[in-house]
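Structure data (PDB, C-alpha atoms) from work.pdb:
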```pdb
MODEL        1
ATOM      1  CA  MET Z   1      18.041 -25.246 -40.675
ATOM      2  CA  GLU Z   2      21.452 -24.597 -39.149
ATOM      3  CA  LEU Z   3      21.079 -21.285 -37.304
ATOM      4  CA  SER Z   4      18.375 -19.145 -35.709
ATOM      5  CA  VAL Z   5      19.269 -15.578 -34.724
ATOM      6  CA  VAL Z   6      16.985 -14.179 -32.013
ATOM      7  CA  ILE Z   7      16.955 -10.399 -31.560
ATOM      8  CA  THR Z   8      14.816  -8.527 -29.015
ATOM      9  CA  LEU Z   9      13.680  -4.999 -29.846
ATOM     10  CA  LEU Z  10      12.044  -2.099 -28.056
ATOM     11  CA  ASN Z  11      11.670   1.252 -29.847
ATOM     12  CA  GLU Z  12      14.617   0.737 -32.205
ATOM     13  CA  GLU Z  13      13.080   2.161 -35.405
ATOM     14  CA  ASP Z  14      16.281   3.859 -36.582
ATOM     15  CA  ASN Z  15      18.332   0.695 -36.088
ATOM     16  CA  ILE Z  16      16.172  -1.667 -38.156
ATOM     17  CA  GLU Z  17      17.592  -0.972 -41.614
ATOM     18  CA  PRO Z  18      21.293  -1.182 -40.616
ATOM     19  CA  LEU Z  19      20.462  -4.236 -38.485
ATOM     20  CA  PHE Z  20      19.044  -6.107 -41.490
ATOM     21  CA  ALA Z  21      22.026  -5.096 -43.609
ATOM     22  CA  SER Z  22      24.585  -6.234 -41.036
ATOM     23  CA  ILE Z  23      22.864  -9.607 -40.461
ATOM     24  CA  ARG Z  24      22.618 -10.325 -44.194
ATOM     25  CA  ASN Z  25      26.247  -9.395 -44.801
ATOM     26  CA  ALA Z  26      27.546 -11.443 -41.865
ATOM     27  CA  LEU Z  27      25.463 -14.598 -42.401
ATOM     28  CA  GLY Z  28      25.039 -14.718 -46.148
ATOM     29  CA  GLY Z  29      26.711 -18.108 -46.396
ATOM     30  CA  TYR Z  30      24.563 -19.790 -43.739
ATOM     31  CA  ASP Z  31      21.173 -21.450 -43.755
ATOM     32  CA  TYR Z  32      19.649 -19.182 -41.119
ATOM     33  CA  GLU Z  33      16.448 -17.557 -39.939
ATOM     34  CA  LEU Z  34      16.134 -14.155 -38.311
ATOM     35  CA  ILE Z  35      13.633 -13.996 -35.449
ATOM     36  CA  LEU Z  36      12.800 -10.459 -34.366
ATOM     37  CA  VAL Z  37      10.784 -10.076 -31.166
ATOM     38  CA  ASP Z  38       9.182  -6.673 -30.682
ATOM     39  CA  ASP Z  39       8.601  -6.088 -26.978
ATOM     40  CA  GLY Z  40       5.702  -3.650 -27.282
ATOM     41  CA  SER Z  41       7.392  -0.835 -29.206
ATOM     42  CA  THR Z  42       5.462   2.438 -29.456
ATOM     43  CA  ASP Z  43       7.339   3.796 -32.489
ATOM     44  CA  SER Z  44       7.515   2.503 -36.065
ATOM     45  CA  THR Z  45       9.816  -0.453 -35.303
ATOM     46  CA  VAL Z  46       7.259  -3.070 -36.401
ATOM     47  CA  ALA Z  47       6.333  -1.206 -39.584
ATOM     48  CA  ARG Z  48       9.972  -0.929 -40.648
ATOM     49  CA  ILE Z  49      10.594  -4.608 -39.984
ATOM     50  CA  LYS Z  50       7.632  -5.584 -42.163
ATOM     51  CA  LYS Z  51       8.898  -3.326 -44.926
ATOM     52  CA  LEU Z  52      12.405  -4.871 -44.955
ATOM     53  CA  ALA Z  53      11.552  -8.490 -44.111
ATOM     54  CA  ASP Z  54      12.368 -11.357 -46.452
ATOM     55  CA  HIS Z  55      11.664 -15.109 -46.432
ATOM     56  CA  ARG Z  56      14.237 -15.637 -43.664
ATOM     57  CA  THR Z  57      12.510 -13.188 -41.306
ATOM     58  CA  LYS Z  58      10.056 -14.077 -38.578
ATOM     59  CA  LEU Z  59       8.492 -11.232 -36.570
ATOM     60  CA  ILE Z  60       6.916 -11.795 -33.159
ATOM     61  CA  SER Z  61       5.058  -8.740 -31.831
ATOM     62  CA  PHE Z  62       3.915  -8.456 -28.209
ATOM     63  CA  ASN Z  63       0.722  -6.568 -27.412
ATOM     64  CA  ARG Z  64       2.576  -4.706 -24.636
ATOM     65  CA  ASN Z  65       5.978  -4.513 -23.015
ATOM     66  CA  TYR Z  66       6.791  -7.745 -21.129
ATOM     67  CA  GLY Z  67      10.541  -7.290 -20.712
ATOM     68  CA  GLN Z  68      13.642  -8.636 -22.402
ATOM     69  CA  THR Z  69      13.500 -12.036 -20.706
ATOM     70  CA  ALA Z  70      10.004 -12.771 -22.012
ATOM     71  CA  ALA Z  71      10.962 -11.510 -25.472
ATOM     72  CA  MET Z  72      14.048 -13.732 -25.565
ATOM     73  CA  ALA Z  73      12.026 -16.735 -24.368
ATOM     74  CA  ALA Z  74       9.457 -16.172 -27.126
ATOM     75  CA  GLY Z  75      12.170 -15.981 -29.771
ATOM     76  CA  ILE Z  76      13.825 -19.181 -28.569
ATOM     77  CA  ASP Z  77      10.450 -20.963 -28.467
ATOM     78  CA  HIS Z  78       9.865 -20.127 -32.146
ATOM     79  CA  ALA Z  79      13.412 -20.978 -33.273
ATOM     80  CA  GLN Z  80      13.874 -23.938 -35.619
ATOM     81  CA  GLY Z  81      17.648 -23.864 -36.091
ATOM     82  CA  GLU Z  82      20.043 -26.478 -34.768
ATOM     83  CA  TYR Z  83      21.934 -23.608 -33.119
ATOM     84  CA  ILE Z  84      20.453 -20.443 -31.626
ATOM     85  CA  ALA Z  85      22.230 -17.092 -31.393
ATOM     86  CA  THR Z  86      20.922 -14.184 -29.322
ATOM     87  CA  MET Z  87      21.873 -10.532 -29.633
ATOM     88  CA  ASP Z  88      20.543  -7.040 -28.983
ATOM     89  CA  GLY Z  89      18.914  -4.933 -31.673
ATOM     90  CA  ASP Z  90      20.706  -1.691 -30.793
ATOM     91  CA  LEU Z  91      23.682  -2.375 -33.127
ATOM     92  CA  GLN Z  92      26.124  -2.573 -30.212
ATOM     93  CA  ASN Z  93      26.575  -6.311 -30.791
ATOM     94  CA  ASP Z  94      28.226  -7.211 -34.090
ATOM     95  CA  PRO Z  95      26.773 -10.166 -36.059
ATOM     96  CA  THR Z  96      30.138 -10.720 -37.769
ATOM     97  CA  ASP Z  97      31.218 -12.405 -34.505
ATOM     98  CA  ILE Z  98      28.569 -15.123 -34.857
ATOM     99  CA  PRO Z  99      30.430 -17.304 -37.423
ATOM    100  CA  ALA Z 100      33.556 -17.504 -35.246
ATOM    101  CA  MET Z 101      31.468 -18.299 -32.164
ATOM    102  CA  LEU Z 102      29.602 -21.014 -34.065
ATOM    103  CA  ILE Z 103      32.844 -22.579 -35.283
ATOM    104  CA  ARG Z 104      34.243 -22.647 -31.752
ATOM    105  CA  LEU Z 105      31.064 -24.197 -30.367
ATOM    106  CA  LYS Z 106      31.142 -26.962 -32.967
ATOM    107  CA  GLU Z 107      34.858 -27.723 -33.010
ATOM    108  CA  GLU Z 108      35.458 -27.622 -29.244
ATOM    109  CA  GLY Z 109      32.210 -29.302 -28.206
ATOM    110  CA  TRP Z 110      30.730 -26.492 -26.109
ATOM    111  CA  ASP Z 111      27.000 -26.130 -25.429
ATOM    112  CA  VAL Z 112      27.157 -22.337 -25.027
ATOM    113  CA  VAL Z 113      29.648 -19.735 -26.225
ATOM    114  CA  ALA Z 114      29.124 -16.338 -24.590
ATOM    115  CA  GLY Z 115      30.500 -13.033 -25.804
ATOM    116  CA  ASN Z 116      32.908 -10.894 -23.825
ATOM    117  CA  ARG Z 117      32.785  -7.205 -24.728
ATOM    118  CA  LYS Z 118      36.540  -6.634 -24.629
ATOM    119  CA  ASN Z 119      36.495  -2.958 -25.619
ATOM    120  CA  ARG Z 120      33.094  -1.994 -24.286
ATOM    121  CA  GLN Z 121      31.768   1.261 -25.721
ATOM    122  CA  ASP Z 122      29.686   2.433 -22.754
ATOM    123  CA  GLY Z 123      29.996   5.028 -20.018
ATOM    124  CA  MET Z 124      32.549   4.175 -17.338
ATOM    125  CA  LEU Z 125      30.693   5.401 -14.230
ATOM    126  CA  TRP Z 126      27.143   4.183 -14.833
ATOM    127  CA  ARG Z 127      27.733   1.111 -17.008
ATOM    128  CA  LYS Z 128      31.261  -0.314 -16.908
ATOM    129  CA  ILE Z 129      32.053  -0.075 -13.188
ATOM    130  CA  PRO Z 130      28.690  -1.486 -11.950
ATOM    131  CA  SER Z 131      29.000  -4.239 -14.571
ATOM    132  CA  ARG Z 132      32.489  -5.220 -13.407
ATOM    133  CA  ILE Z 133      31.378  -5.337  -9.776
ATOM    134  CA  ALA Z 134      28.329  -7.439 -10.677
ATOM    135  CA  ASN Z 135      30.383  -9.826 -12.843
ATOM    136  CA  ARG Z 136      32.892 -10.396 -10.044
ATOM    137  CA  MET Z 137      30.143 -10.985  -7.497
ATOM    138  CA  ILE Z 138      28.304 -13.461  -9.754
ATOM    139  CA  ARG Z 139      31.506 -15.413 -10.419
ATOM    140  CA  LYS Z 140      32.295 -15.703  -6.706
ATOM    141  CA  LEU Z 141      28.791 -16.725  -5.638
ATOM    142  CA  THR Z 142      27.903 -19.116  -8.464
ATOM    143  CA  GLY Z 143      31.247 -20.593  -9.496
ATOM    144  CA  VAL Z 144      30.380 -20.039 -13.175
ATOM    145  CA  TYR Z 145      33.489 -18.381 -14.548
ATOM    146  CA  ILE Z 146      32.934 -16.261 -17.620
ATOM    147  CA  ARG Z 147      34.024 -12.664 -17.961
ATOM    148  CA  ASP Z 148      30.886 -10.849 -19.104
ATOM    149  CA  TYR Z 149      27.450 -11.995 -17.940
ATOM    150  CA  GLY Z 150      25.720  -8.939 -19.396
ATOM    151  CA  CYS Z 151      26.641  -9.465 -23.049
ATOM    152  CA  THR Z 152      23.532 -10.576 -24.939
ATOM    153  CA  LEU Z 153      25.562 -12.009 -27.828
ATOM    154  CA  LYS Z 154      25.630 -15.757 -27.184
ATOM    155  CA  ILE Z 155      25.223 -18.921 -29.201
ATOM    156  CA  PHE Z 156      23.645 -22.138 -27.903
ATOM    157  CA  LYS Z 157      22.877 -25.635 -28.940
ATOM    158  CA  ARG Z 158      19.129 -25.730 -29.423
ATOM    159  CA  ASP Z 159      18.354 -28.282 -26.692
ATOM    160  CA  ILE Z 160      20.150 -26.200 -24.051
ATOM    161  CA  ALA Z 161      18.497 -22.934 -25.161
ATOM    162  CA  GLN Z 162      15.009 -24.406 -25.032
ATOM    163  CA  ARG Z 163      15.539 -25.827 -21.531
ATOM    164  CA  LEU Z 164      16.704 -22.571 -19.948
ATOM    165  CA  GLY Z 165      13.368 -21.803 -18.277
ATOM    166  CA  LEU Z 166      13.462 -18.037 -18.819
ATOM    167  CA  TYR Z 167      11.024 -15.930 -16.813
ATOM    168  CA  GLY Z 168      11.045 -12.796 -14.689
ATOM    169  CA  GLU Z 169      14.237 -10.928 -15.564
ATOM    170  CA  LEU Z 170      16.612 -13.874 -15.609
ATOM    171  CA  HIS Z 171      18.075 -13.144 -19.051
ATOM    172  CA  ARG Z 172      21.077 -11.663 -17.215
ATOM    173  CA  PHE Z 173      21.788 -15.078 -15.724
ATOM    174  CA  ILE Z 174      21.509 -17.235 -18.826
ATOM    175  CA  PRO Z 175      25.042 -18.663 -18.289
ATOM    176  CA  ILE Z 176      24.050 -19.922 -14.829
ATOM    177  CA  LEU Z 177      20.761 -21.310 -16.151
ATOM    178  CA  ALA Z 178      22.683 -23.132 -18.877
ATOM    179  CA  VAL Z 179      25.072 -24.667 -16.340
ATOM    180  CA  LEU Z 180      22.097 -25.748 -14.218
ATOM    181  CA  GLN Z 181      20.913 -27.699 -17.277
ATOM    182  CA  GLY Z 182      24.280 -29.437 -17.493
ATOM    183  CA  GLY Z 183      25.615 -27.241 -20.286
ATOM    184  CA  LYS Z 184      29.327 -26.669 -20.914
ATOM    185  CA  ILE Z 185      30.003 -22.963 -21.353
ATOM    186  CA  THR Z 186      32.932 -20.809 -22.427
ATOM    187  CA  ASP Z 187      33.387 -17.232 -23.617
ATOM    188  CA  MET Z 188      35.339 -15.380 -26.271
ATOM    189  CA  ASP Z 189      36.116 -11.772 -27.068
ATOM    190  CA  VAL Z 190      33.635 -10.021 -29.351
ATOM    191  CA  LYS Z 191      33.329  -6.571 -30.814
ATOM    192  CA  HIS Z 192      31.202  -3.894 -29.191
ATOM    193  CA  HIS Z 193      30.023  -0.638 -30.747
ATOM    194  CA  ALA Z 194      28.771   2.596 -29.281
ATOM    195  CA  ARG Z 195      25.033   3.172 -29.593
ATOM    196  CA  ILE Z 196      24.290   5.504 -32.525
ATOM    197  CA  HIS Z 197      20.481   5.618 -32.606
ATOM    198  CA  GLY Z 198      17.964   5.547 -29.793
ATOM    199  CA  THR Z 199      18.540   5.432 -26.047
ATOM    200  CA  SER Z 200      19.558   2.687 -23.670
ATOM    201  CA  LYS Z 201      16.756   0.897 -21.824
ATOM    202  CA  TYR Z 202      18.986   0.149 -18.838
ATOM    203  CA  GLY Z 203      20.174   2.285 -15.960
ATOM    204  CA  ILE Z 204      21.768   2.119 -12.537
ATOM    205  CA  GLY Z 205      18.311   1.389 -11.078
ATOM    206  CA  ARG Z 206      18.558  -2.241 -12.207
ATOM    207  CA  THR Z 207      21.267  -2.956  -9.590
ATOM    208  CA  LEU Z 208      18.852  -4.020  -6.855
ATOM    209  CA  LYS Z 209      16.981  -6.258  -9.313
ATOM    210  CA  VAL Z 210      20.231  -7.917 -10.332
ATOM    211  CA  MET Z 211      21.164  -8.545  -6.696
ATOM    212  CA  SER Z 212      17.736 -10.052  -5.975
ATOM    213  CA  ASP Z 213      17.935 -12.297  -9.032
ATOM    214  CA  LEU Z 214      21.468 -13.308  -8.026
ATOM    215  CA  MET Z 215      20.163 -14.551  -4.672
ATOM    216  CA  LEU Z 216      17.566 -16.590  -6.588
ATOM    217  CA  MET Z 217      20.248 -18.041  -8.870
ATOM    218  CA  VAL Z 218      22.412 -19.088  -5.924
ATOM    219  CA  PHE Z 219      19.385 -20.792  -4.387
ATOM    220  CA  PHE Z 220      18.576 -22.538  -7.690
ATOM    221  CA  GLN Z 221      22.149 -23.679  -8.127
ATOM    222  CA  LYS Z 222      22.703 -25.058  -4.633
ATOM    223  CA  TYR Z 223      19.331 -25.876  -3.096
ATOM    224  CA  PHE Z 224      16.653 -26.092  -5.810
ATOM    225  CA  ARG Z 225      16.418 -29.885  -5.747
ATOM    226  CA  ARG Z 226      16.936 -30.214  -1.969
ATOM    227  CA  PRO Z 227      15.666 -27.048  -0.234
ATOM    228  CA  ILE Z 228      15.738 -28.852   3.133
ATOM    229  CA  HIS Z 229      19.548 -28.621   2.924
ATOM    230  CA  LEU Z 230      19.208 -24.829   3.225
ATOM    231  CA  PHE Z 231      16.364 -24.501   5.726
ATOM    232  CA  GLY Z 232      17.183 -27.627   7.729
ATOM    233  CA  PRO Z 233      20.633 -26.677   9.112
ATOM    234  CA  ILE Z 234      19.460 -23.127   9.900
ATOM    235  CA  GLY Z 235      16.403 -24.474  11.686
ATOM    236  CA  ILE Z 236      18.323 -27.122  13.650
ATOM    237  CA  ILE Z 237      21.028 -24.687  14.783
ATOM    238  CA  SER Z 238      18.458 -22.065  15.770
ATOM    239  CA  PHE Z 239      16.356 -24.628  17.639
ATOM    240  CA  LEU Z 240      19.316 -26.109  19.533
ATOM    241  CA  ILE Z 241      20.683 -22.702  20.559
ATOM    242  CA  GLY Z 242      17.218 -21.663  21.728
ATOM    243  CA  CYS Z 243      16.822 -24.911  23.718
ATOM    244  CA  ALA Z 244      20.257 -24.409  25.325
ATOM    245  CA  ILE Z 245      19.359 -20.865  26.369
ATOM    246  CA  ASN Z 246      16.000 -21.966  27.755
ATOM    247  CA  PHE Z 247      17.583 -24.881  29.635
ATOM    248  CA  TYR Z 248      20.097 -22.470  31.218
ATOM    249  CA  LEU Z 249      17.263 -20.176  32.295
ATOM    250  CA  LEU Z 250      15.314 -23.151  33.647
ATOM    251  CA  VAL Z 251      18.272 -24.063  35.840
ATOM    252  CA  LEU Z 252      18.424 -20.479  37.089
ATOM    253  CA  LYS Z 253      14.702 -20.574  37.820
ATOM    254  CA  ILE Z 254      15.062 -23.819  39.811
ATOM    255  CA  MET Z 255      17.874 -22.189  41.798
ATOM    256  CA  GLY Z 256      15.487 -19.396  42.768
ATOM    257  CA  HIS Z 257      16.500 -16.636  40.401
ATOM    258  CA  ASP Z 258      13.921 -14.408  38.713
ATOM    259  CA  ILE Z 259      14.143 -14.873  34.928
ATOM    260  CA  TRP Z 260      10.945 -13.126  33.850
ATOM    261  CA  GLY Z 261      11.476 -10.188  31.495
ATOM    262  CA  ARG Z 262      15.085 -10.996  30.708
ATOM    263  CA  PRO Z 263      16.127 -10.312  27.087
ATOM    264  CA  LEU Z 264      17.843 -13.713  27.102
ATOM    265  CA  LEU Z 265      14.457 -15.404  27.719
ATOM    266  CA  ILE Z 266      12.925 -13.610  24.767
ATOM    267  CA  LEU Z 267      15.924 -14.592  22.608
ATOM    268  CA  GLY Z 268      15.688 -18.236  23.636
ATOM    269  CA  VAL Z 269      11.973 -18.502  22.908
ATOM    270  CA  SER Z 270      12.383 -16.646  19.592
ATOM    271  CA  LEU Z 271      15.182 -18.972  18.466
ATOM    272  CA  VAL Z 272      13.118 -22.066  19.281
ATOM    273  CA  LEU Z 273      10.146 -20.734  17.322
ATOM    274  CA  ALA Z 274      12.386 -19.634  14.446
ATOM    275  CA  GLY Z 275      13.989 -23.076  14.322
ATOM    276  CA  ILE Z 276      10.591 -24.770  14.126
ATOM    277  CA  GLN Z 277       9.545 -22.383  11.352
ATOM    278  CA  PHE Z 278      12.705 -22.948   9.270
ATOM    279  CA  LEU Z 279      12.316 -26.716   9.566
ATOM    280  CA  THR Z 280       8.677 -26.387   8.533
ATOM    281  CA  PHE Z 281       9.657 -24.226   5.533
ATOM    282  CA  GLY Z 282      12.165 -26.869   4.496
ATOM    283  CA  LEU Z 283       9.645 -29.709   4.691
ATOM    284  CA  ILE Z 284       7.012 -27.727   2.782
ATOM    285  CA  ALA Z 285       9.568 -26.788   0.119
ATOM    286  CA  GLU Z 286      10.553 -30.463  -0.233
ATOM    287  CA  LEU Z 287       6.906 -31.415  -0.760
ATOM    288  CA  ILE Z 288       6.520 -28.646  -3.351
ATOM    289  CA  MET Z 289       9.604 -29.847  -5.241
ATOM    290  CA  ARG Z 290       8.312 -33.428  -5.261
ATOM    291  CA  THR Z 291       5.010 -32.163  -6.638
ATOM    292  CA  TYR Z 292       6.875 -30.076  -9.241
ATOM    293  CA  TYR Z 293       8.813 -33.064 -10.561
ATOM    294  CA  GLU Z 294       6.313 -35.885 -10.139
ATOM    295  CA  SER Z 295       3.165 -34.102 -11.355
ATOM    296  CA  GLN Z 296       4.855 -33.200 -14.667
ATOM    297  CA  ASN Z 297       6.963 -36.354 -14.980
ATOM    298  CA  LYS Z 298      10.090 -34.205 -14.847
ATOM    299  CA  LYS Z 299      13.467 -35.786 -14.228
ATOM    300  CA  THR Z 300      15.959 -34.571 -11.665
ATOM    301  CA  TYR Z 301      18.733 -35.153 -14.192
ATOM    302  CA  ASN Z 302      19.575 -34.474 -17.837
ATOM    303  CA  VAL Z 303      21.208 -37.140 -20.023
ATOM    304  CA  ARG Z 304      23.912 -35.899 -22.382
ATOM    305  CA  GLU Z 305      24.384 -39.153 -24.316
ATOM    306  CA  VAL Z 306      23.414 -42.818 -24.250
ATOM    307  CA  PHE Z 307      26.014 -45.082 -25.823
ATOM    308  CA  THR Z 308      25.345 -48.708 -26.705
ATOM    309  CA  VAL Z 309      27.178 -51.245 -28.808
ATOM    310  CA  PRO Z 310      25.063 -53.039 -31.462
ATOM    311  CA  LYS Z 311      24.906 -56.836 -31.380
ATOM    312  CA  SER Z 312      26.612 -57.085 -34.760
ATOM    313  CA  ALA Z 313      29.690 -55.468 -33.228
ATOM    314  CA  ASP Z 314      29.687 -58.100 -30.458
ATOM    315  CA  LEU Z 315      29.705 -60.901 -33.067
ATOM    316  CA  VAL Z 316      32.600 -59.310 -34.919
ATOM    317  CA  LEU Z 317      34.519 -58.972 -31.639
ATOM    318  CA  GLU Z 318      33.893 -62.638 -30.708
ATOM    319  CA  GLU Z 319      35.080 -63.842 -34.140
ATOM    320  CA  SER Z 320      38.273 -61.783 -33.899
ATOM    321  CA  ILE Z 321      38.979 -63.250 -30.444
ATOM    322  CA  MET Z 322      38.444 -66.828 -31.703
ATOM    323  CA  VAL Z 323      40.820 -66.225 -34.599
TER     324      VAL Z 323
ENDMDL
END
```

Just dump the structure as structure tokens.
Amino acid sequence: MELSVVITLLNEEDNIEPLFASIRNALGGYDYELILVDDGSTDSTVARIKKLADHRTKLISFNRNYGQTAAMAAGIDHAQGEYIATMDGDLQNDPTDIPAMLIRLKEEGWDVVAGNRKNRQDGMLWRKIPSRIANRMIRKLTGVYIRDYGCTLKIFKRDIAQRLGLYGELHRFIPILAVLQGGKITDMDVKHHARIHGTSKYGIGRTLKVMSDLMLMVFFQKYFRRPIHLFGPIGIISFLIGCAINFYLLVLKIMGHDIWGRPLLILGVSLVLAGIQFLTFGLIAELIMRTYYESQNKKTYNVREVFTVPKSADLVLEESIMV
């Protein structure tokens, strides 16, 4: 099978029929499967899917709401296509963009092609402006340069998609997760439509969650394999500054000055203890990472390709040299 289209749904009963129609019209010439993941809908979303489903449709229904990340992970786990496309089920993404994205991925050798909602049909104050600020911040902190991290419409090679390690609410950071797996990523402009049916499941309240997840992504990107490189320098600097302060106070004490109760003494002792704690955190984190990799026989690297020359080619080469 060439293509799997994974769509996550939550209370989208009025969007199901036009969603099926748009997918079938856009991908009629492809060998594809449609994987719909219902994230605990409380309306008739599941019933409408079952009514309209055909042999290309696979429905995964959760027993309760687990969130979009879990729903996307479940869809990817059940995908059988060589390429996997993800999109929202609210009709704001347009499946007619998928063929062009697939062609670009194949012809230019990318592992991921992400959508960029060029003419985004959302509110300026509560959706567009926070999104632009978040996109700029993510680019600066992670060094992964695409224009729109929040667009769900993406297409992946299957091996990259199934190694993303989606959990929590990390679906917003799929481009960074893909790069962490060694994937080559680009983006392209896609269409975006205003929501017609239903209500958005996102609001300004997600900002703090995004910022927290961004801190996690920066840690994953820079220090996941060697956490001591984060905690070690902080601990050493803190410890040395604390020792210097305490040595200065010791000299004052030897010279007869009263140092008890000085804020500088409290600072010096606190910095020494903090330095010891940071170094301890780093060592414990290193042991945890070794356990993580070694207990599951995981590798600290991903191989893109192994190239070898068959012996028959060597013989041909030797004969041509002799001639």

Near-Z:His229 list (8 Å; all atoms listed in the file; drop same-chain fewer than 4 positions) as an NGL selection string: :Z and (223 or 233 or 282)

Contacts of Z:Asp54 within 12 Å, only C-alpha atoms, excl. fewer than 2 positions in-chain, as a list of chain:residue names: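 Once the adjacent positions are removed, what remains is Z:Phe20, Z:Ala21, Z:Arg24, Z:Tyr32, Z:Glu33, Z:Leu34, Z:Ile35, Z:Ile49, Z:Lys50, Z:Lys51, Z:Leu52, Z:Arg56, Z:Thr57, Z:Lys58, Z:Leu59.
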
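Distances here use all atoms listed in the file; by that measure, the residue among Z:Gln221, Z:Thr186, Z:Thr86, Z:Gln92 closest to Z:Gly109 is Z:Thr186.
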
Picked residues, the PyMOL selection byres ((chain Z and resi 271-281) around 12), expected as number ranges by chain: Z: 227-247, 264-270, 282-288

Keeping only C-alpha atoms, write those residues as an mmCIF file, in the coordinates of the input.
```cif
data_model
loop_
_atom_site.group_PDB
_atom_site.id
_atom_site.type_symbol
_atom_site.label_atom_id
_atom_site.label_comp_id
_atom_site.auth_asym_id
_atom_site.auth_seq_id
_atom_site.Cartn_x
_atom_site.Cartn_y
_atom_site.Cartn_z
ATOM 1 C CA PRO Z 227 15.666 -27.048 -0.234
ATOM 2 C CA ILE Z 228 15.738 -28.852 3.133
ATOM 3 C CA HIS Z 229 19.548 -28.621 2.924
ATOM 4 C CA LEU Z 230 19.208 -24.829 3.225
ATOM 5 C CA PHE Z 231 16.364 -24.501 5.726
ATOM 6 C CA GLY Z 232 17.183 -27.627 7.729
ATOM 7 C CA PRO Z 233 20.633 -26.677 9.112
ATOM 8 C CA ILE Z 234 19.460 -23.127 9.900
ATOM 9 C CA GLY Z 235 16.403 -24.474 11.686
ATOM 10 C CA ILE Z 236 18.323 -27.122 13.650
ATOM 11 C CA ILE Z 237 21.028 -24.687 14.783
ATOM 12 C CA SER Z 238 18.458 -22.065 15.770
ATOM 13 C CA PHE Z 239 16.356 -24.628 17.639
ATOM 14 C CA LEU Z 240 19.316 -26.109 19.533
ATOM 15 C CA ILE Z 241 20.683 -22.702 20.559
ATOM 16 C CA GLY Z 242 17.218 -21.663 21.728
ATOM 17 C CA CYS Z 243 16.822 -24.911 23.718
ATOM 18 C CA ALA Z 244 20.257 -24.409 25.325
ATOM 19 C CA ILE Z 245 19.359 -20.865 26.369
ATOM 20 C CA ASN Z 246 16.000 -21.966 27.755
ATOM 21 C CA PHE Z 247 17.583 -24.881 29.635
ATOM 22 C CA LEU Z 264 17.843 -13.713 27.102
ATOM 23 C CA LEU Z 265 14.457 -15.404 27.719
ATOM 24 C CA ILE Z 266 12.925 -13.610 24.767
ATOM 25 C CA LEU Z 267 15.924 -14.592 22.608
ATOM 26 C CA GLY Z 268 15.688 -18.236 23.636
ATOM 27 C CA VAL Z 269 11.973 -18.502 22.908
ATOM 28 C CA SER Z 270 12.383 -16.646 19.592
ATOM 29 C CA GLY Z 282 12.165 -26.869 4.496
ATOM 30 C CA LEU Z 283 9.645 -29.709 4.691
ATOM 31 C CA ILE Z 284 7.012 -27.727 2.782
ATOM 32 C CA ALA Z 285 9.568 -26.788 0.119
ATOM 33 C CA GLU Z 286 10.553 -30.463 -0.233
ATOM 34 C CA LEU Z 287 6.906 -31.415 -0.760
ATOM 35 C CA ILE Z 288 6.520 -28.646 -3.351
#
```

Z:Arg195 surroundings by all atoms listed in the file, 7 Å radius, close-in-sequence under 2 positions cut, as a short mmCIF file (atom, residue, chain, number, x, y, z; two decimals) with C-alpha atoms, in the coordinates of the input:
```
data_model
loop_
_atom_site.label_atom_id
_atom_site.label_comp_id
_atom_site.auth_asym_id
_atom_site.auth_seq_id
_atom_site.Cartn_x
_atom_site.Cartn_y
_atom_site.Cartn_z
CA ASP Z 90 20.71 -1.69 -30.79
CA LEU Z 91 23.68 -2.38 -33.13
CA GLN Z 92 26.12 -2.57 -30.21
CA HIS Z 193 30.02 -0.64 -30.75
CA HIS Z 197 20.48 5.62 -32.61
#
```

Counting all atoms listed in the file, the option among Z:Val218, Z:Gly29, Z:Asp187, Z:Asp38 closest to Z:Thr142: Z:Val218

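Nearest-residue note for Z:Trp110: choosing from Z:Tyr83, Z:Tyr248, Z:Phe173, Z:Tyr292, the minimum distance belongs to Z:Tyr83, counting only C-alpha atoms.
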
Among the residues Z:Val306, Z:Val37, Z:Leu3, Z:Ala53, the one that comes closest to Z:Glu17 [using only C-alpha atoms]: Z:Ala53

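Once the PyMOL selection byres ((chain Z and resi 72) around 9) is applied to the depicted file, the selected set reads Val6, Ile7, Thr8, Val37, Gly67, Gln68, Thr69, Ala70, Ala71, Ala73, Ala74, Gly75, Ile76, Asp77, Thr86, Leu166 and His171 of chain Z.
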
Expected file contents, prior selection, C-alpha atoms, as a PDB file, keeping the file's coordinate frame:
```pdb
ATOM      1  CA  VAL Z   6      16.985 -14.179 -32.013  1.00  0.00           C
ATOM      2  CA  ILE Z   7      16.955 -10.399 -31.560  1.00  0.00           C
ATOM      3  CA  THR Z   8      14.816  -8.527 -29.015  1.00  0.00           C
ATOM      4  CA  VAL Z  37      10.784 -10.076 -31.166  1.00  0.00           C
ATOM      5  CA  GLY Z  67      10.541  -7.290 -20.712  1.00  0.00           C
ATOM      6  CA  GLN Z  68      13.642  -8.636 -22.402  1.00  0.00           C
ATOM      7  CA  THR Z  69      13.500 -12.036 -20.706  1.00  0.00           C
ATOM      8  CA  ALA Z  70      10.004 -12.771 -22.012  1.00  0.00           C
ATOM      9  CA  ALA Z  71      10.962 -11.510 -25.472  1.00  0.00           C
ATOM     10  CA  ALA Z  73      12.026 -16.735 -24.368  1.00  0.00           C
ATOM     11  CA  ALA Z  74       9.457 -16.172 -27.126  1.00  0.00           C
ATOM     12  CA  GLY Z  75      12.170 -15.981 -29.771  1.00  0.00           C
ATOM     13  CA  ILE Z  76      13.825 -19.181 -28.569  1.00  0.00           C
ATOM     14  CA  ASP Z  77      10.450 -20.963 -28.467  1.00  0.00           C
ATOM     15  CA  THR Z  86      20.922 -14.184 -29.322  1.00  0.00           C
ATOM     16  CA  LEU Z 166      13.462 -18.037 -18.819  1.00  0.00           C
ATOM     17  CA  HIS Z 171      18.075 -13.144 -19.051  1.00  0.00           C
TER      18      HIS Z 171
END
```
